[in-house]
$ cat run-v7.pdb   # PDB, C-alpha atoms
ATOM      1  CA  MET P   1     -45.189  -0.856 -38.980
ATOM      2  CA  ARG P   2     -41.734   0.421 -38.167
ATOM      3  CA  VAL P   3     -42.887   4.034 -38.392
ATOM      4  CA  ILE P   4     -45.813   3.374 -36.062
ATOM      5  CA  LEU P   5     -43.586   1.731 -33.457
ATOM      6  CA  PHE P   6     -41.077   4.546 -33.643
ATOM      7  CA  GLY P   7     -43.838   7.080 -33.139
ATOM      8  CA  ALA P   8     -45.109   5.051 -30.210
ATOM      9  CA  ALA P   9     -41.674   5.032 -28.658
ATOM     10  CA  ILE P  10     -41.511   8.805 -28.860
ATOM     11  CA  ALA P  11     -44.915   9.066 -27.242
ATOM     12  CA  VAL P  12     -43.879   6.783 -24.399
ATOM     13  CA  CYS P  13     -40.786   8.859 -23.788
ATOM     14  CA  GLY P  14     -42.892  11.980 -23.712
ATOM     15  CA  VAL P  15     -45.023  10.473 -20.936
ATOM     16  CA  MET P  16     -42.321   8.579 -19.024
ATOM     17  CA  LEU P  17     -39.375  10.942 -18.959
ATOM     18  CA  SER P  18     -37.541   8.925 -16.282
ATOM     19  CA  GLY P  19     -37.565   5.921 -18.604
ATOM     20  CA  CYS P  20     -35.880   7.974 -21.320
ATOM     21  CA  ASP P  21     -33.301   9.251 -18.858
ATOM     22  CA  MET P  22     -32.163   5.655 -18.372
ATOM     23  CA  LEU P  23     -31.216   5.598 -22.075
ATOM     24  CA  ALA P  24     -28.859   8.584 -21.673
ATOM     25  CA  PRO P  25     -25.127   7.812 -21.578
ATOM     26  CA  LYS P  26     -23.741   7.505 -18.055
ATOM     27  CA  VAL P  27     -21.348  10.126 -16.746
ATOM     28  CA  ASP P  28     -17.670   9.110 -16.829
ATOM     29  CA  VAL P  29     -16.930   9.688 -13.141
ATOM     30  CA  SER P  30     -13.216   8.986 -13.616
ATOM     31  CA  LYS P  31     -12.874  12.489 -15.070
ATOM     32  CA  LEU P  32     -14.819  14.346 -12.384
ATOM     33  CA  SER P  33     -13.250  16.474  -9.671
ATOM     34  CA  MET P  34     -14.084  15.813  -6.031
ATOM     35  CA  ALA P  35     -16.588  18.700  -6.015
ATOM     36  CA  GLU P  36     -18.246  17.324  -9.171
ATOM     37  CA  LEU P  37     -18.356  13.857  -7.632
ATOM     38  CA  GLU P  38     -20.016  15.244  -4.511
ATOM     39  CA  ALA P  39     -22.604  16.992  -6.695
ATOM     40  CA  GLN P  40     -23.198  13.787  -8.657
ATOM     41  CA  VAL P  41     -23.681  11.759  -5.469
ATOM     42  CA  ALA P  42     -26.190  14.332  -4.210
ATOM     43  CA  LYS P  43     -28.428  13.618  -7.196
ATOM     44  CA  SER P  44     -31.200  11.066  -6.930
ATOM     45  CA  GLY P  45     -31.045   7.659  -8.554
ATOM     46  CA  ASP P  46     -28.297   5.081  -8.782
ATOM     47  CA  GLN P  47     -24.968   6.884  -8.315
ATOM     48  CA  SER P  48     -22.938   3.793  -7.443
ATOM     49  CA  ALA P  49     -19.972   4.644  -9.675
ATOM     50  CA  ALA P  50     -19.700   8.174  -8.288
ATOM     51  CA  LYS P  51     -20.051   6.893  -4.721
ATOM     52  CA  LEU P  52     -17.299   4.334  -5.239
ATOM     53  CA  ARG P  53     -14.844   6.897  -6.577
ATOM     54  CA  LEU P  54     -15.681   9.604  -4.034
ATOM     55  CA  SER P  55     -15.529   7.167  -1.141
ATOM     56  CA  SER P  56     -12.121   5.964  -2.356
ATOM     57  CA  ILE P  57     -10.807   9.535  -2.123
ATOM     58  CA  TYR P  58     -12.409  10.045   1.282
ATOM     59  CA  ALA P  59     -11.127   6.722   2.652
ATOM     60  CA  ARG P  60      -7.517   7.407   1.696
ATOM     61  CA  TYR P  61      -7.134  11.149   2.131
ATOM     62  CA  GLY P  62     -10.206  12.445   3.962
ATOM     63  CA  THR P  63     -10.877  13.779   7.411
ATOM     64  CA  ASP P  64     -12.456  11.576  10.077
ATOM     65  CA  ALA P  65     -15.864  12.897   9.072
ATOM     66  CA  GLN P  66     -15.198  12.133   5.404
ATOM     67  CA  LYS P  67     -14.024   8.621   6.253
ATOM     68  CA  ARG P  68     -17.326   8.079   8.072
ATOM     69  CA  ARG P  69     -19.113   9.409   5.005
ATOM     70  CA  ALA P  70     -17.157   6.928   2.869
ATOM     71  CA  TYR P  71     -18.379   4.122   5.111
ATOM     72  CA  ASP P  72     -21.976   5.352   4.864
ATOM     73  CA  MET P  73     -21.763   5.265   1.062
ATOM     74  CA  LEU P  74     -19.975   1.933   0.778
ATOM     75  CA  ALA P  75     -21.671  -0.221   3.409
ATOM     76  CA  PRO P  76     -25.101  -0.459   1.687
ATOM     77  CA  LEU P  77     -23.420  -1.314  -1.620
ATOM     78  CA  ALA P  78     -21.210  -3.943   0.020
ATOM     79  CA  GLU P  79     -24.161  -5.517   1.800
ATOM     80  CA  ARG P  80     -25.871  -5.863  -1.599
ATOM     81  CA  GLY P  81     -22.866  -7.845  -2.858
ATOM     82  CA  ASN P  82     -20.788  -5.109  -4.522
ATOM     83  CA  THR P  83     -17.208  -6.398  -4.295
ATOM     84  CA  ASP P  84     -15.643  -3.018  -5.162
ATOM     85  CA  ALA P  85     -17.512  -1.433  -2.254
ATOM     86  CA  ALA P  86     -16.349  -4.165   0.141
ATOM     87  CA  LEU P  87     -12.765  -3.635  -1.009
ATOM     88  CA  GLY P  88     -13.195   0.077  -0.378
ATOM     89  CA  LEU P  89     -14.214  -0.742   3.182
ATOM     90  CA  CYS P  90     -10.975  -2.722   3.594
ATOM     91  CA  VAL P  91      -9.119   0.603   3.459
ATOM     92  CA  LEU P  92     -11.093   1.825   6.484
ATOM     93  CA  MET P  93     -10.209  -1.092   8.764
ATOM     94  CA  ASP P  94      -7.418   0.903  10.406
ATOM     95  CA  GLN P  95      -9.935   3.445  11.701
ATOM     96  CA  PRO P  96     -10.708   2.331  15.294
ATOM     97  CA  GLU P  97     -14.238   3.684  15.247
ATOM     98  CA  LEU P  98     -15.024   1.847  11.994
ATOM     99  CA  ALA P  99     -13.084  -1.390  12.434
ATOM    100  CA  SER P 100     -15.917  -3.401  13.988
ATOM    101  CA  GLU P 101     -18.174  -2.506  11.060
ATOM    102  CA  THR P 102     -15.692  -2.823   8.200
ATOM    103  CA  VAL P 103     -13.666  -5.897   9.157
ATOM    104  CA  PRO P 104     -16.545  -8.416   8.695
ATOM    105  CA  LEU P 105     -17.315  -7.119   5.206
ATOM    106  CA  CYS P 106     -13.663  -7.145   4.134
ATOM    107  CA  LYS P 107     -13.170 -10.569   5.735
ATOM    108  CA  ALA P 108     -16.094 -11.986   3.776
ATOM    109  CA  GLU P 109     -14.373 -11.016   0.517
ATOM    110  CA  ALA P 110     -11.053 -12.451   1.735
ATOM    111  CA  ASP P 111     -12.790 -15.719   2.632
ATOM    112  CA  ARG P 112     -14.153 -15.834  -0.918
ATOM    113  CA  GLY P 113     -10.567 -15.717  -2.187
ATOM    114  CA  VAL P 114     -10.471 -12.099  -3.385
ATOM    115  CA  MET P 115      -6.742 -11.308  -3.362
ATOM    116  CA  ARG P 116      -6.999  -7.587  -2.572
ATOM    117  CA  ALA P 117      -9.108  -8.399   0.469
ATOM    118  CA  GLN P 118      -6.691 -11.121   1.570
ATOM    119  CA  ILE P 119      -3.812  -8.634   1.371
ATOM    120  CA  ALA P 120      -5.767  -6.111   3.428
ATOM    121  CA  MET P 121      -6.749  -8.687   6.059
ATOM    122  CA  CYS P 122      -3.186 -10.003   6.258
ATOM    123  CA  ALA P 123      -1.858  -6.505   6.975
ATOM    124  CA  HIS P 124      -4.703  -5.636   9.354
ATOM    125  CA  ILE P 125      -4.174  -8.727  11.497
ATOM    126  CA  GLY P 126      -0.402  -8.383  11.275
ATOM    127  CA  GLU P 127      -0.543  -4.816  12.579
ATOM    128  CA  SER P 128      -3.327  -5.021  15.120
ATOM    129  CA  GLY P 129      -4.234  -8.653  15.802
ATOM    130  CA  ASP P 130      -2.666 -11.953  16.790
ATOM    131  CA  PRO P 131       0.024 -12.652  14.156
ATOM    132  CA  GLY P 132      -0.087 -16.358  14.972
ATOM    133  CA  VAL P 133      -3.660 -16.597  13.676
ATOM    134  CA  ASN P 134      -3.452 -14.990  10.244
ATOM    135  CA  PRO P 135      -4.698 -17.316   7.483
ATOM    136  CA  TYR P 136      -4.784 -14.577   4.847
ATOM    137  CA  CYS P 137      -1.028 -14.033   4.452
ATOM    138  CA  ARG P 138       0.003 -17.357   2.980
ATOM    139  CA  PRO P 139      -2.012 -17.213  -0.267
ATOM    140  CA  ALA P 140      -1.054 -13.566  -0.780
ATOM    141  CA  ALA P 141       2.652 -14.153  -0.053
ATOM    142  CA  GLU P 142       2.808 -17.232  -2.267
ATOM    143  CA  ASP P 143       1.131 -15.182  -5.008
ATOM    144  CA  GLY P 144       4.085 -12.781  -4.842
ATOM    145  CA  GLN P 145       2.326  -9.923  -3.026
ATOM    146  CA  VAL P 146       5.484  -8.406  -1.524
ATOM    147  CA  GLN P 147       3.593  -6.253   0.998
ATOM    148  CA  THR P 148       2.547  -9.428   2.831
ATOM    149  CA  TYR P 149       5.990 -11.052   3.223
ATOM    150  CA  LEU P 150       6.697  -9.369   6.572
ATOM    151  CA  TYR P 151       3.350 -10.377   8.076
ATOM    152  CA  TYR P 152       3.619 -13.948   6.825
ATOM    153  CA  GLY P 153       7.101 -14.252   8.306
ATOM    154  CA  GLU P 154       5.811 -12.822  11.576
ATOM    155  CA  ALA P 155       2.921 -15.303  11.641
ATOM    156  CA  LEU P 156       5.263 -18.225  10.997
ATOM    157  CA  ALA P 157       7.615 -17.086  13.771
ATOM    158  CA  ALA P 158       4.670 -16.837  16.174
ATOM    159  CA  GLN P 159       3.931 -20.486  15.360
ATOM    160  CA  ALA P 160       7.600 -21.437  16.003
ATOM    161  CA  LYS P 161       8.108 -22.283  12.315
ATOM    162  CA  TRP P 162      11.547 -20.724  12.397
ATOM    163  CA  GLU P 163      13.050 -21.982   9.153
ATOM    164  CA  GLU P 164      10.023 -20.909   7.124
ATOM    165  CA  ALA P 165       9.927 -17.584   8.967
ATOM    166  CA  ARG P 166      13.533 -16.902   7.971
ATOM    167  CA  ILE P 167      12.694 -17.382   4.288
ATOM    168  CA  TRP P 168       9.856 -14.864   4.255
ATOM    169  CA  LEU P 169      11.541 -12.306   6.512
ATOM    170  CA  GLU P 170      14.573 -12.418   4.246
ATOM    171  CA  LYS P 171      12.306 -11.927   1.219
ATOM    172  CA  SER P 172      10.681  -8.955   2.969
ATOM    173  CA  ILE P 173      14.091  -7.400   3.640
ATOM    174  CA  ILE P 174      15.215  -7.798   0.038
ATOM    175  CA  GLU P 175      11.978  -7.464  -1.939
ATOM    176  CA  GLY P 176       9.297  -6.041   0.359
ATOM    177  CA  PRO P 177       8.253  -2.398   0.822
ATOM    178  CA  ILE P 178      11.088  -0.286   2.146
ATOM    179  CA  ASN P 179       9.005   0.792   5.155
ATOM    180  CA  HIS P 180       8.847  -2.904   6.184
ATOM    181  CA  ARG P 181      12.603  -3.386   6.065
ATOM    182  CA  ASP P 182      13.584  -2.240   9.557
ATOM    183  CA  LYS P 183      10.911  -4.315  11.297
ATOM    184  CA  ALA P 184      11.809  -7.365   9.218
ATOM    185  CA  ILE P 185      15.489  -6.951  10.131
ATOM    186  CA  ARG P 186      14.683  -6.735  13.843
ATOM    187  CA  MET P 187      12.476  -9.803  13.617
ATOM    188  CA  MET P 188      15.093 -11.692  11.620
ATOM    189  CA  ALA P 189      17.707 -10.963  14.290
ATOM    190  CA  ASN P 190      15.419 -12.324  17.000
ATOM    191  CA  VAL P 191      14.401 -15.412  15.040
ATOM    192  CA  VAL P 192      17.981 -16.241  14.155
ATOM    193  CA  SER P 193      19.350 -15.512  17.630
ATOM    194  CA  ASP P 194      16.799 -17.598  19.480
ATOM    195  CA  ASN P 195      16.197 -20.514  17.199
ATOM    196  CA  VAL P 196      18.383 -21.370  14.236
ATOM    197  CA  GLY P 197      21.893 -20.081  14.853
ATOM    198  CA  GLN P 198      23.539 -16.815  14.014
ATOM    199  CA  ASN P 199      23.784 -14.922  10.756
ATOM    200  CA  LEU P 200      24.726 -11.404   9.690
ATOM    201  CA  TYR P 201      21.604  -9.826  11.140
ATOM    202  CA  TYR P 202      22.166 -11.199  14.613
ATOM    203  CA  GLU P 203      25.946 -10.717  14.582
ATOM    204  CA  ALA P 204      25.644  -7.081  13.523
ATOM    205  CA  LEU P 205      23.010  -6.238  16.119
ATOM    206  CA  SER P 206      25.215  -7.794  18.823
ATOM    207  CA  VAL P 207      28.091  -5.399  18.049
ATOM    208  CA  PRO P 208      28.064  -1.733  19.199
ATOM    209  CA  ASN P 209      27.003   0.596  16.399
ATOM    210  CA  GLY P 210      29.687   2.149  14.257
ATOM    211  CA  ALA P 211      30.477   5.802  14.808
ATOM    212  CA  ARG P 212      31.048   6.706  11.181
ATOM    213  CA  VAL P 213      29.675   6.321   7.682
ATOM    214  CA  ALA P 214      32.328   4.202   6.017
ATOM    215  CA  PHE P 215      30.448   2.029   3.554
ATOM    216  CA  ASP P 216      31.309   1.747  -0.130
ATOM    217  CA  ILE P 217      28.691   2.337  -2.790
ATOM    218  CA  VAL P 218      27.959  -0.697  -4.959
ATOM    219  CA  LYS P 219      24.859   0.491  -6.812
ATOM    220  CA  THR P 220      22.680   3.597  -6.533
ATOM    221  CA  ASP P 221      20.432   3.585  -9.587
ATOM    222  CA  ALA P 222      18.773   6.901 -10.359
ATOM    223  CA  PRO P 223      14.998   7.020  -9.905
ATOM    224  CA  ASN P 224      12.666   7.422 -12.858
ATOM    225  CA  THR P 225      11.260  10.906 -13.385
ATOM    226  CA  PRO P 226       7.432  10.689 -13.362
ATOM    227  CA  SER P 227       5.733  11.934 -16.520
ATOM    228  CA  ASN P 228       3.339  14.089 -14.479
ATOM    229  CA  LEU P 229       6.120  16.143 -12.854
ATOM    230  CA  ARG P 230       5.205  19.734 -13.715
ATOM    231  CA  ARG P 231       8.323  21.552 -12.500
ATOM    232  CA  ASP P 232      11.920  20.833 -11.563
ATOM    233  CA  SER P 233      12.163  19.470  -8.036
ATOM    234  CA  GLN P 234      14.315  17.392  -5.687
ATOM    235  CA  CYS P 235      14.288  14.769  -2.928
ATOM    236  CA  TYR P 236      16.426  14.777   0.187
ATOM    237  CA  VAL P 237      17.195  11.212   1.262
ATOM    238  CA  ARG P 238      18.737   9.993   4.535
ATOM    239  CA  TRP P 239      19.602   6.406   5.395
ATOM    240  CA  THR P 240      21.910   4.034   7.214
ATOM    241  CA  VAL P 241      23.477   0.891   5.790
ATOM    242  CA  THR P 242      22.588  -2.566   7.105
ATOM    243  CA  PRO P 243      25.201  -5.284   7.558
ATOM    244  CA  THR P 244      23.877  -6.898   4.386
ATOM    245  CA  GLY P 245      24.470  -3.747   2.355
ATOM    246  CA  LEU P 246      20.898  -2.403   2.123
ATOM    247  CA  ALA P 247      19.597   1.087   2.811
ATOM    248  CA  SER P 248      17.713   1.102   6.124
ATOM    249  CA  ARG P 249      16.020   3.657   8.390
ATOM    250  CA  VAL P 250      15.209   5.551   5.213
ATOM    251  CA  LYS P 251      13.700   9.025   5.338
ATOM    252  CA  ILE P 252      12.610  10.670   2.094
ATOM    253  CA  ASP P 253      11.584  14.329   1.824
ATOM    254  CA  CYS P 254      10.520  15.343  -1.700
ATOM    255  CA  GLY P 255       9.506  18.736  -2.992
ATOM    256  CA  ASP P 256       6.715  17.174  -5.057
ATOM    257  CA  ASP P 257       4.519  14.287  -3.881
ATOM    258  CA  ALA P 258       4.780  12.705  -7.337
ATOM    259  CA  LEU P 259       8.434  11.922  -6.547
ATOM    260  CA  ASN P 260       7.839   9.917  -3.356
ATOM    261  CA  ASP P 261       7.072   6.588  -5.018
ATOM    262  CA  PRO P 262       9.845   6.575  -7.678
ATOM    263  CA  MET P 263      12.370   7.717  -5.074
ATOM    264  CA  ALA P 264      11.380   4.946  -2.646
ATOM    265  CA  ARG P 265      11.530   2.364  -5.445
ATOM    266  CA  ALA P 266      15.043   3.496  -6.358
ATOM    267  CA  VAL P 267      16.334   3.464  -2.764
ATOM    268  CA  HIS P 268      14.916  -0.031  -2.363
ATOM    269  CA  LYS P 269      17.418  -1.240  -4.991
ATOM    270  CA  TRP P 270      20.478   0.600  -3.672
ATOM    271  CA  ARG P 271      23.309  -1.647  -2.488
ATOM    272  CA  PHE P 272      26.438  -0.935  -0.429
ATOM    273  CA  THR P 273      29.461  -2.662   1.063
ATOM    274  CA  PRO P 274      28.939  -2.122   4.812
ATOM    275  CA  SER P 275      31.462  -1.055   7.395
ATOM    276  CA  THR P 276      33.036  -3.751   9.541
ATOM    277  CA  ARG P 277      34.355  -4.012  13.068
ATOM    278  CA  GLY P 278      36.401  -6.970  14.240
ATOM    279  CA  GLY P 279      35.756  -8.554  10.873
ATOM    280  CA  LEU P 280      31.971  -8.307  11.293
ATOM    281  CA  PRO P 281      29.670  -6.121   9.192
ATOM    282  CA  ILE P 282      28.004  -3.479  11.353
ATOM    283  CA  TYR P 283      25.323  -0.821  11.185
ATOM    284  CA  ASP P 284      26.595   2.734  10.735
ATOM    285  CA  SER P 285      24.868   4.883  13.324
ATOM    286  CA  THR P 286      25.444   8.156  11.461
ATOM    287  CA  ARG P 287      22.967   8.751   8.686
ATOM    288  CA  ALA P 288      24.241   9.153   5.158
ATOM    289  CA  SER P 289      22.350  11.634   3.011
ATOM    290  CA  THR P 290      22.078  12.870  -0.526
ATOM    291  CA  THR P 291      19.919  15.176  -2.616
ATOM    292  CA  VAL P 292      18.471  13.795  -5.858
ATOM    293  CA  TYR P 293      17.406  16.325  -8.487
ATOM    294  CA  PHE P 294      14.563  15.811 -10.957
ATOM    295  CA  LYS P 295      14.041  17.825 -14.120
ATOM    296  CA  ALA P 296      10.536  18.098 -15.508
ATOM    297  CA  ALA P 297       9.942  17.338 -19.165
ATOM    298  CA  LYS P 298       9.972  20.363 -21.442
ATOM    299  CA  GLY P 299       6.659  21.875 -22.369
ATOM    300  CA  ARG P 300       4.992  21.082 -19.032
TER     301      ARG P 300
END

$ encode --input "run-v7.pdb" --output "structure tokens"
Amino acid sequence: MRVILFGAAIAVCGVMLSGCDMLAPKVDVSKLSMAELEAQVAKSGDQSAAKLRLSSIYARYGTDAQKRRAYDMLAPLAERGNTDAALGLCVLMDQPELASETVPLCKAEADRGVMRAQIAMCAHIGESGDPGVNPYCRPAAEDGQVQTYLYYGEALAAQAKWEEARIWLEKSIIEGPINHRDKAIRMMANVVSDNVGQNLYYEALSVPNGARVAFDIVKTDAPNTPSNLRRDSQCYVRWTVTPTGLASRVKIDCGDDALNDPMARAVHKWRFTPSTRGGLPIYDSTRASTTVYFKAAKGR
């Protein structure tokens, strides 16, 4: 009986080739180049995995036309309930011509409690909407998503919740992304000045800028060298020092893109003793700068 059934299975495959194709192992799209992904997507049949990966590349790094193509690939999948596709559309919300189409799909995932979508909606509303009406920041901030601290503090300030706003703006300054630091400092100065008394941020911004770089270095940890660095390279870093001893107004120029993230992470942890004037810590208006050298691992 087993032999007969096996023979029957072979016969069926001979007649219904498409049915046998479904038994073939799926292509591992994580190892395909962009050109190979494009070729895979062009094939007939279900190419959801290839579409998701290709659209992710297009959405983050593509031209306007490629971003539109990413939307065209993702929208049908998202409308059929594919969460990964909806999260891919969240990346496209900052494209003006796609915002009206992508925001509802990303919002639906955020309303379902998907954290990545809540983070994206928090940032989208914080950057382009009414910060006082931003329900997506609180759960993300309380979950420790540091990229939402600034927007949550901004939303609280817009609702005149000054004491709570101070907490989250301070957390953004100390723990949040380094590109959020300057905006958080400016907001902190305004919140403190107008509502809850003065602190270092307000006092320092009320004093004319210093004319020199006179801070003392407390800690400047070296960045980690990424394992994928293929050749020796370097980063040129410029910054000023805040009255609380942090690096601010940071500009990083690296010879290899792989160095951008580890360099930014290192600068985020640097600490200084700031200059003072009249006994008050002040900003130094002249940028400090340094060059950090990276040596690639041998054999690369």

$ resolve_selection --input "run-v7.pdb" --expression "the PyMOL selection byres ((chain P and resi 40) around 12)" --output "PyMOL selection string"
chain P and resi 26-29+32-39+41-54

$ atom_distance --input "run-v7.pdb" --atom1 "CA of Val237 in chain P" --atom2 "CA of Thr290 in chain P"
5.5 Å

$ atom_distance --input "run-v7.pdb" --atom1 "CA of Ser55 in chain P" --atom2 "CA of Gly255 in chain P"
27.6 Å

$ axis_aligned_box --input "run-v7.pdb" --around "range 112-122 of chain P" --padding-each-side "6 Å" --output "lines of an AutoDock Vina configuration file"
center_x = -8.7
center_y = -11.0
center_z = 1.4
size_x = 23.0
size_y = 21.7
size_z = 21.6

$ closest_residue --input "run-v7.pdb" --among "P:Val146, P:Met188, P:Ala140, P:Cys254" --to "Glu164 in chain P" --atoms "only C-alpha atoms"
P:Met188

$ residues_around --input "run-v7.pdb" --residues "Pro223 in chain P" --least-positions-apart "2" --cutoff "8 Å" --atoms "all atoms listed in the file" --output "PyMOL selection string"
chain P and resi 221+225+262-263+265-266

$ write_last_selection --input "run-v7.pdb" --atoms "C-alpha atoms" --output "compact mmCIF listing (two decimals), in the frame of the given file"
# COMPACT_ATOMS: atom_id res chain seq x y z
CA ASP P 221 20.43 3.58 -9.59
CA THR P 225 11.26 10.91 -13.38
CA PRO P 262 9.85 6.58 -7.68
CA MET P 263 12.37 7.72 -5.07
CA ARG P 265 11.53 2.36 -5.44
CA ALA P 266 15.04 3.50 -6.36

$ atom_distance --input "run-v7.pdb" --atom1 "CA of Ile217 in chain P" --atom2 "CA of Trp270 in chain P"
8.4 Å

$ build_atoms --input "run-v7.pdb" --residues "range 105-117 of chain P" --atoms "N, CA and C atoms" --output "PDB file, keeping the file's coordinate frame"
ATOM      1  N   LEU P 105     -17.027  -7.208   6.633  1.00  0.00           N
ATOM      2  CA  LEU P 105     -17.315  -7.119   5.206  1.00  0.00           C
ATOM      3  C   LEU P 105     -16.061  -7.379   4.373  1.00  0.00           C
ATOM      4  N   CYS P 106     -14.921  -6.874   4.831  1.00  0.00           N
ATOM      5  CA  CYS P 106     -13.663  -7.145   4.134  1.00  0.00           C
ATOM      6  C   CYS P 106     -13.295  -8.626   4.284  1.00  0.00           C
ATOM      7  N   LYS P 107     -13.487  -9.158   5.470  1.00  0.00           N
ATOM      8  CA  LYS P 107     -13.170 -10.569   5.735  1.00  0.00           C
ATOM      9  C   LYS P 107     -13.984 -11.490   4.844  1.00  0.00           C
ATOM     10  N   ALA P 108     -15.238 -11.143   4.618  1.00  0.00           N
ATOM     11  CA  ALA P 108     -16.094 -11.986   3.776  1.00  0.00           C
ATOM     12  C   ALA P 108     -15.523 -12.092   2.366  1.00  0.00           C
ATOM     13  N   GLU P 109     -14.985 -10.985   1.845  1.00  0.00           N
ATOM     14  CA  GLU P 109     -14.373 -11.016   0.517  1.00  0.00           C
ATOM     15  C   GLU P 109     -13.082 -11.826   0.536  1.00  0.00           C
ATOM     16  N   ALA P 110     -12.300 -11.676   1.612  1.00  0.00           N
ATOM     17  CA  ALA P 110     -11.053 -12.451   1.735  1.00  0.00           C
ATOM     18  C   ALA P 110     -11.361 -13.934   1.794  1.00  0.00           C
ATOM     19  N   ASP P 111     -12.411 -14.306   2.523  1.00  0.00           N
ATOM     20  CA  ASP P 111     -12.790 -15.719   2.632  1.00  0.00           C
ATOM     21  C   ASP P 111     -13.280 -16.280   1.301  1.00  0.00           C
ATOM     22  N   ARG P 112     -13.743 -15.397   0.422  1.00  0.00           N
ATOM     23  CA  ARG P 112     -14.153 -15.834  -0.918  1.00  0.00           C
ATOM     24  C   ARG P 112     -12.967 -15.968  -1.862  1.00  0.00           C
ATOM     25  N   GLY P 113     -11.774 -15.584  -1.377  1.00  0.00           N
ATOM     26  CA  GLY P 113     -10.567 -15.717  -2.187  1.00  0.00           C
ATOM     27  C   GLY P 113     -10.197 -14.487  -2.977  1.00  0.00           C
ATOM     28  N   VAL P 114     -10.813 -13.336  -2.681  1.00  0.00           N
ATOM     29  CA  VAL P 114     -10.471 -12.099  -3.385  1.00  0.00           C
ATOM     30  C   VAL P 114      -9.109 -11.621  -2.882  1.00  0.00           C
ATOM     31  N   MET P 115      -8.123 -11.561  -3.773  1.00  0.00           N
ATOM     32  CA  MET P 115      -6.742 -11.308  -3.362  1.00  0.00           C
ATOM     33  C   MET P 115      -6.567  -9.964  -2.669  1.00  0.00           C
ATOM     34  N   ARG P 116      -7.167  -8.909  -3.196  1.00  0.00           N
ATOM     35  CA  ARG P 116      -6.999  -7.587  -2.572  1.00  0.00           C
ATOM     36  C   ARG P 116      -7.508  -7.592  -1.143  1.00  0.00           C
ATOM     37  N   ALA P 117      -8.578  -8.309  -0.886  1.00  0.00           N
ATOM     38  CA  ALA P 117      -9.108  -8.399   0.469  1.00  0.00           C
ATOM     39  C   ALA P 117      -8.190  -9.247   1.349  1.00  0.00           C
TER      40      ALA P 117
END
